[in-house]
file upload34.pdb (PDB, C-alpha atoms, pLDDT in the B column)
MODEL        1
ATOM      1  CA  GLN A   1       1.042   3.783  -8.459  1.00 66.00           C
ATOM      2  CA  VAL A   2       1.618   4.427  -4.766  1.00 72.00           C
ATOM      3  CA  GLN A   3      -1.144   6.457  -3.202  1.00 82.00           C
ATOM      4  CA  LEU A   4      -0.658   8.517  -0.067  1.00 91.00           C
ATOM      5  CA  VAL A   5      -3.578   9.450   2.160  1.00 94.00           C
ATOM      6  CA  GLU A   6      -3.380  11.986   4.957  1.00 96.00           C
ATOM      7  CA  SER A   7      -5.604  11.959   8.031  1.00 97.00           C
ATOM      8  CA  GLY A   8      -5.781  13.343  11.530  1.00 98.00           C
ATOM      9  CA  GLY A   9      -6.363  17.007  10.910  1.00 98.00           C
ATOM     10  CA  GLY A  10      -8.772  19.072  12.933  1.00 98.00           C
ATOM     11  CA  SER A  11      -9.354  22.217  14.926  1.00 98.00           C
ATOM     12  CA  VAL A  12      -7.550  22.838  18.202  1.00 98.00           C
ATOM     13  CA  GLN A  13      -6.750  25.740  20.449  1.00 98.00           C
ATOM     14  CA  ALA A  14      -3.277  27.179  20.702  1.00 98.00           C
ATOM     15  CA  GLY A  15      -1.082  24.965  22.825  1.00 98.00           C
ATOM     16  CA  GLY A  16      -2.966  21.843  21.790  1.00 98.00           C
ATOM     17  CA  SER A  17      -1.756  18.727  20.029  1.00 98.00           C
ATOM     18  CA  LEU A  18      -2.620  16.723  16.934  1.00 98.00           C
ATOM     19  CA  THR A  19      -1.124  13.717  15.201  1.00 98.00           C
ATOM     20  CA  LEU A  20      -1.333  13.488  11.438  1.00 98.00           C
ATOM     21  CA  SER A  21      -0.890  10.202   9.624  1.00 97.00           C
ATOM     22  CA  CYS A  22       0.311   9.536   6.104  1.00 96.00           C
ATOM     23  CA  ALA A  23      -0.738   6.096   4.927  1.00 94.00           C
ATOM     24  CA  ALA A  24       0.612   4.468   1.811  1.00 86.00           C
ATOM     25  CA  SER A  25      -0.661   1.597  -0.234  1.00 77.00           C
ATOM     26  CA  ALA A  26       2.973   0.519  -0.407  1.00 72.00           C
ATOM     27  CA  TYR A  27       6.048   2.408   0.727  1.00 67.00           C
ATOM     28  CA  THR A  28       8.399   2.024  -2.193  1.00 77.00           C
ATOM     29  CA  ASN A  29       9.865   5.462  -1.634  1.00 85.00           C
ATOM     30  CA  ASN A  30      12.340   5.838   1.201  1.00 91.00           C
ATOM     31  CA  CYS A  31      11.970   9.532   1.858  1.00 95.00           C
ATOM     32  CA  VAL A  32       8.650  10.855   3.127  1.00 95.00           C
ATOM     33  CA  GLY A  33       7.893  14.458   3.846  1.00 96.00           C
ATOM     34  CA  TRP A  34       5.157  16.481   5.451  1.00 98.00           C
ATOM     35  CA  PHE A  35       4.404  19.858   3.897  1.00 98.00           C
ATOM     36  CA  ARG A  36       1.874  22.595   4.494  1.00 98.00           C
ATOM     37  CA  ARG A  37       0.253  25.467   2.694  1.00 98.00           C
ATOM     38  CA  ALA A  38      -1.231  28.292   4.675  1.00 96.00           C
ATOM     39  CA  PRO A  39      -3.791  30.644   3.103  1.00 91.00           C
ATOM     40  CA  GLY A  40      -2.030  33.115   0.838  1.00 93.00           C
ATOM     41  CA  LYS A  41       1.350  31.425   1.229  1.00 96.00           C
ATOM     42  CA  GLU A  42       3.404  28.985  -0.762  1.00 96.00           C
ATOM     43  CA  ARG A  43       3.722  25.359   0.177  1.00 96.00           C
ATOM     44  CA  GLU A  44       6.591  24.753   2.577  1.00 96.00           C
ATOM     45  CA  GLY A  45       8.352  21.733   3.940  1.00 97.00           C
ATOM     46  CA  VAL A  46       7.658  20.911   7.577  1.00 98.00           C
ATOM     47  CA  ALA A  47       9.411  17.624   8.293  1.00 98.00           C
ATOM     48  CA  ARG A  48      10.991  14.730   6.448  1.00 98.00           C
ATOM     49  CA  ILE A  49      12.136  11.270   7.352  1.00 97.00           C
ATOM     50  CA  TYR A  50      14.619   9.008   5.625  1.00 96.00           C
ATOM     51  CA  ARG A  51      12.934   5.699   6.191  1.00 92.00           C
ATOM     52  CA  VAL A  52      16.101   3.632   5.783  1.00 93.00           C
ATOM     53  CA  ASP A  53      17.484   4.749   9.130  1.00 93.00           C
ATOM     54  CA  GLY A  54      14.750   6.981  10.512  1.00 93.00           C
ATOM     55  CA  THR A  55      16.761  10.204  10.174  1.00 95.00           C
ATOM     56  CA  PRO A  56      14.367  13.128  10.641  1.00 96.00           C
ATOM     57  CA  ASP A  57      14.661  16.730   9.535  1.00 97.00           C
ATOM     58  CA  TYR A  58      12.543  19.730  10.477  1.00 97.00           C
ATOM     59  CA  VAL A  59      12.006  23.284   9.403  1.00 97.00           C
ATOM     60  CA  ASP A  60      13.204  25.643  12.123  1.00 97.00           C
ATOM     61  CA  SER A  61       9.724  26.899  12.989  1.00 97.00           C
ATOM     62  CA  VAL A  62       8.587  23.471  14.225  1.00 98.00           C
ATOM     63  CA  LYS A  63      11.753  22.133  15.839  1.00 98.00           C
ATOM     64  CA  GLY A  64      11.096  20.991  19.374  1.00 98.00           C
ATOM     65  CA  ARG A  65       7.319  20.926  18.776  1.00 98.00           C
ATOM     66  CA  PHE A  66       6.804  18.461  15.910  1.00 98.00           C
ATOM     67  CA  THR A  67       8.093  14.905  15.628  1.00 98.00           C
ATOM     68  CA  ILE A  68       8.016  12.764  12.496  1.00 98.00           C
ATOM     69  CA  VAL A  69       7.977   9.031  13.042  1.00 96.00           C
ATOM     70  CA  GLN A  70       7.391   5.973  10.950  1.00 94.00           C
ATOM     71  CA  ASP A  71       5.112   3.214  12.124  1.00 91.00           C
ATOM     72  CA  ASN A  72       6.059   0.141  10.152  1.00 87.00           C
ATOM     73  CA  ALA A  73       3.248  -1.961  11.601  1.00 89.00           C
ATOM     74  CA  ARG A  74       0.613   0.514  10.410  1.00 88.00           C
ATOM     75  CA  ARG A  75       2.629   1.520   7.311  1.00 88.00           C
ATOM     76  CA  THR A  76       2.274   5.162   8.174  1.00 93.00           C
ATOM     77  CA  VAL A  77       4.508   8.156   8.637  1.00 95.00           C
ATOM     78  CA  ASP A  78       3.060  10.242  11.422  1.00 97.00           C
ATOM     79  CA  LEU A  79       3.571  13.883  12.273  1.00 98.00           C
ATOM     80  CA  GLN A  80       3.128  14.416  16.002  1.00 98.00           C
ATOM     81  CA  MET A  81       2.405  18.075  16.627  1.00 98.00           C
ATOM     82  CA  ARG A  82       2.313  19.717  20.042  1.00 98.00           C
ATOM     83  CA  SER A  83       2.339  23.265  21.380  1.00 98.00           C
ATOM     84  CA  LEU A  84       0.451  24.252  18.265  1.00 98.00           C
ATOM     85  CA  LYS A  85       0.325  27.907  17.309  1.00 98.00           C
ATOM     86  CA  PRO A  86      -2.161  29.827  15.147  1.00 97.00           C
ATOM     87  CA  GLU A  87       0.576  30.187  12.534  1.00 96.00           C
ATOM     88  CA  ASP A  88       0.560  26.383  12.157  1.00 98.00           C
ATOM     89  CA  THR A  89      -2.881  26.667  10.570  1.00 98.00           C
ATOM     90  CA  ALA A  90      -2.620  25.212   7.071  1.00 98.00           C
ATOM     91  CA  MET A  91      -3.499  22.331   4.800  1.00 98.00           C
ATOM     92  CA  TYR A  92      -0.974  19.602   5.492  1.00 98.00           C
ATOM     93  CA  TYR A  93       0.195  17.198   2.808  1.00 97.00           C
ATOM     94  CA  CYS A  94       2.521  14.247   2.631  1.00 96.00           C
ATOM     95  CA  ALA A  95       4.576  13.164  -0.345  1.00 95.00           C
ATOM     96  CA  ALA A  96       7.484  10.860  -1.048  1.00 94.00           C
ATOM     97  CA  LEU A  97      10.501  10.231  -3.229  1.00 94.00           C
ATOM     98  CA  VAL A  98      13.441   7.887  -3.571  1.00 93.00           C
ATOM     99  CA  ALA A  99      16.579   9.341  -2.003  1.00 95.00           C
ATOM    100  CA  ARG A 100      20.158   8.090  -2.050  1.00 95.00           C
ATOM    101  CA  SER A 101      20.851   9.181   1.501  1.00 95.00           C
ATOM    102  CA  SER A 102      19.377  11.061   4.427  1.00 95.00           C
ATOM    103  CA  ARG A 103      21.121  14.193   3.178  1.00 96.00           C
ATOM    104  CA  SER A 104      19.494  13.784  -0.228  1.00 96.00           C
ATOM    105  CA  CYS A 105      16.145  13.304   1.467  1.00 96.00           C
ATOM    106  CA  ASN A 106      16.569  16.421   3.581  1.00 95.00           C
ATOM    107  CA  THR A 107      17.723  18.676   0.746  1.00 96.00           C
ATOM    108  CA  ALA A 108      15.460  17.516  -2.088  1.00 96.00           C
ATOM    109  CA  PRO A 109      13.345  20.349  -3.495  1.00 95.00           C
ATOM    110  CA  LEU A 110       9.579  20.209  -3.130  1.00 95.00           C
ATOM    111  CA  GLY A 111       9.246  19.658  -6.844  1.00 95.00           C
ATOM    112  CA  ALA A 112      11.062  16.345  -6.568  1.00 95.00           C
ATOM    113  CA  PHE A 113       8.398  14.835  -4.335  1.00 95.00           C
ATOM    114  CA  ARG A 114       5.704  12.651  -5.831  1.00 90.00           C
ATOM    115  CA  ASN A 115       2.507  10.910  -4.866  1.00 90.00           C
ATOM    116  CA  TRP A 116       1.010  13.936  -3.148  1.00 91.00           C
ATOM    117  CA  GLY A 117      -2.052  13.227  -1.055  1.00 88.00           C
ATOM    118  CA  GLN A 118      -5.206  15.344  -0.923  1.00 93.00           C
ATOM    119  CA  GLY A 119      -4.215  16.979   2.337  1.00 96.00           C
ATOM    120  CA  THR A 120      -5.712  17.325   5.785  1.00 98.00           C
ATOM    121  CA  GLN A 121      -6.664  20.650   7.327  1.00 98.00           C
ATOM    122  CA  VAL A 122      -5.196  21.843  10.617  1.00 98.00           C
ATOM    123  CA  THR A 123      -6.729  24.904  12.230  1.00 98.00           C
ATOM    124  CA  VAL A 124      -5.293  26.398  15.403  1.00 98.00           C
ATOM    125  CA  SER A 125      -7.274  29.110  17.146  1.00 97.00           C
ATOM    126  CA  SER A 126      -5.843  31.610  19.594  1.00 94.00           C
TER     127      SER A 126
ENDMDL
END
call {"tool": "encode", "arguments": {"input": "upload34.pdb", "output": "structure tokens"}}
result
Amino acid sequence: QVQLVESGGGSVQAGGSLTLSCAASAYTNNCVGWFRRAPGKEREGVARIYRVDGTPDYVDSVKGRFTIVQDNARRTVDLQMRSLKPEDTAMYYCAALVARSSRSCNTAPLGAFRNWGQGTQVTVSS
């Protein structure tokens, strides 16, 4: 079974940057997403990438600040985060699924994603 492992979390001040990495033992799924759960809130999607053509998708609150990229050499899907805000504080997770198209990848419900990692904590202080 494919295992996903997140890394790169940490504590930064508002306005800072972090890059999270999602490493897979083998990327058999072509749609990878980054999600987060803030204290007292439900898990939400942050960004997704359709690995077939690299099509990204972002939740509105991170557009222009976060970038999701795939690094085929390292077999990772990275989430580059800049201009971080305190409201970005959360546990960040990656997960994957098999999608028929970029549209399917971008619209798949959270419950369709599999191979959830253990998460990596991001804390942004004001």
call {"tool": "resolve_selection", "arguments": {"input": "upload34.pdb", "expression": "the PyMOL selection byres ((chain A and resi 13) around 8)", "output": "PyMOL selection string"}}
result
chain A and resi 11-12+14-16+84+124-126
call {"tool": "atom_distance", "arguments": {"input": "upload34.pdb", "atom1": "CA of Gly64 (chain A)", "atom2": "CA of Pro109 (chain A)"}}
result
23.0 Å
call {"tool": "residues_around", "arguments": {"input": "upload34.pdb", "residues": "Ala96 (chain A)", "least_positions_apart": "5", "cutoff": "6 Å", "atoms": "only C-alpha atoms", "output": "ChimeraX atom specification"}}
result
/A:29,31-32,113-114
call {"tool": "write_last_selection", "arguments": {"input": "upload34.pdb", "atoms": "C-alpha atoms", "output": "PDB file, in the coordinates of the input"}}
result
ATOM      1  CA  ASN A  29       9.865   5.462  -1.634  1.00 85.00           C
ATOM      2  CA  CYS A  31      11.970   9.532   1.858  1.00 95.00           C
ATOM      3  CA  VAL A  32       8.650  10.855   3.127  1.00 95.00           C
ATOM      4  CA  PHE A 113       8.398  14.835  -4.335  1.00 95.00           C
ATOM      5  CA  ARG A 114       5.704  12.651  -5.831  1.00 90.00           C
TER       6      ARG A 114
END
call {"tool": "residues_around", "arguments": {"input": "upload34.pdb", "residues": "Asn30 (chain A)", "least_positions_apart": "3", "cutoff": "9 Å", "atoms": "all atoms listed in the file", "output": "PyMOL selection string"}}
result
chain A and resi 27+49-52+96-100+105
call {"tool": "closest_residue", "arguments": {"input": "upload34.pdb", "among": "A:Leu79, A:Ile68, A:Cys94, A:Ala26", "to": "Glu44 (chain A)", "atoms": "all atoms listed in the file"}}
result
A:Cys94
call {"tool": "closest_residue", "arguments": {"input": "upload34.pdb", "among": "A:Gln118, A:Thr89, A:Ser102, A:Gln3", "to": "Asp53 (chain A)", "atoms": "only C-alpha atoms"}}
result
A:Ser102
call {"tool": "resolve_selection", "arguments": {"input": "upload34.pdb", "expression": "the PyMOL selection byres ((chain A and resi 2) around 7)", "output": "list in words"}}
result
Gln1, Gln3, Leu4, Ala24, Ser25, Ala26 and Asn115 of chain A
call {"tool": "write_last_selection", "arguments": {"input": "upload34.pdb", "atoms": "C-alpha atoms", "output": "mmCIF file, in the frame of the given file"}}
result
data_model
loop_
_atom_site.group_PDB
_atom_site.id
_atom_site.type_symbol
_atom_site.label_atom_id
_atom_site.label_comp_id
_atom_site.auth_asym_id
_atom_site.auth_seq_id
_atom_site.Cartn_x
_atom_site.Cartn_y
_atom_site.Cartn_z
ATOM 1 C CA GLN A 1 1.042 3.783 -8.459
ATOM 2 C CA GLN A 3 -1.144 6.457 -3.202
ATOM 3 C CA LEU A 4 -0.658 8.517 -0.067
ATOM 4 C CA ALA A 24 0.612 4.468 1.811
ATOM 5 C CA SER A 25 -0.661 1.597 -0.234
ATOM 6 C CA ALA A 26 2.973 0.519 -0.407
ATOM 7 C CA ASN A 115 2.507 10.910 -4.866
#
call {"tool": "residues_around", "arguments": {"input": "upload34.pdb", "residues": "Asp88 (chain A)", "least_positions_apart": "6", "cutoff": "9 Å", "atoms": "all atoms listed in the file", "output": "number ranges by chain"}}
result
A: 36, 38, 62, 122-124
call {"tool": "write_last_selection", "arguments": {"input": "upload34.pdb", "atoms": "C-alpha atoms", "output": "short mmCIF file (atom, residue, chain, number, x, y, z; two decimals), in the coordinates of the input"}}
result
data_model
loop_
_atom_site.label_atom_id
_atom_site.label_comp_id
_atom_site.auth_asym_id
_atom_site.auth_seq_id
_atom_site.Cartn_x
_atom_site.Cartn_y
_atom_site.Cartn_z
CA ARG A 36 1.87 22.60 4.49
CA ALA A 38 -1.23 28.29 4.68
CA VAL A 62 8.59 23.47 14.22
CA VAL A 122 -5.20 21.84 10.62
CA THR A 123 -6.73 24.90 12.23
CA VAL A 124 -5.29 26.40 15.40
#
call {"tool": "closest_residue", "arguments": {"input": "upload34.pdb", "among": "A:Ala23, A:Val46, A:Val69, A:Ala90", "to": "Gln121 (chain A)", "atoms": "only C-alpha atoms"}}
result
A:Ala90
call {"tool": "residues_around", "arguments": {"input": "upload34.pdb", "residues": "Phe66 (chain A)", "least_positions_apart": "4", "cutoff": "12 Å", "atoms": "only C-alpha atoms", "output": "list in words"}}
result
Gly16, Ser17, Leu18, Thr19, Leu20, Trp34, Val46, Ala47, Arg48, Pro56, Asp57, Tyr58, Val59, Asp60, Ser61, Val62, Asp78, Leu79, Gln80, Met81, Arg82, Ser83, Leu84, Lys85 and Asp88 of chain A
call {"tool": "residues_around", "arguments": {"input": "upload34.pdb", "residues": "Thr76 (chain A)", "least_positions_apart": "2", "cutoff": "6 Å", "atoms": "all atoms listed in the file", "output": "ChimeraX atom specification"}}
result
/A:22-23,70-71,74
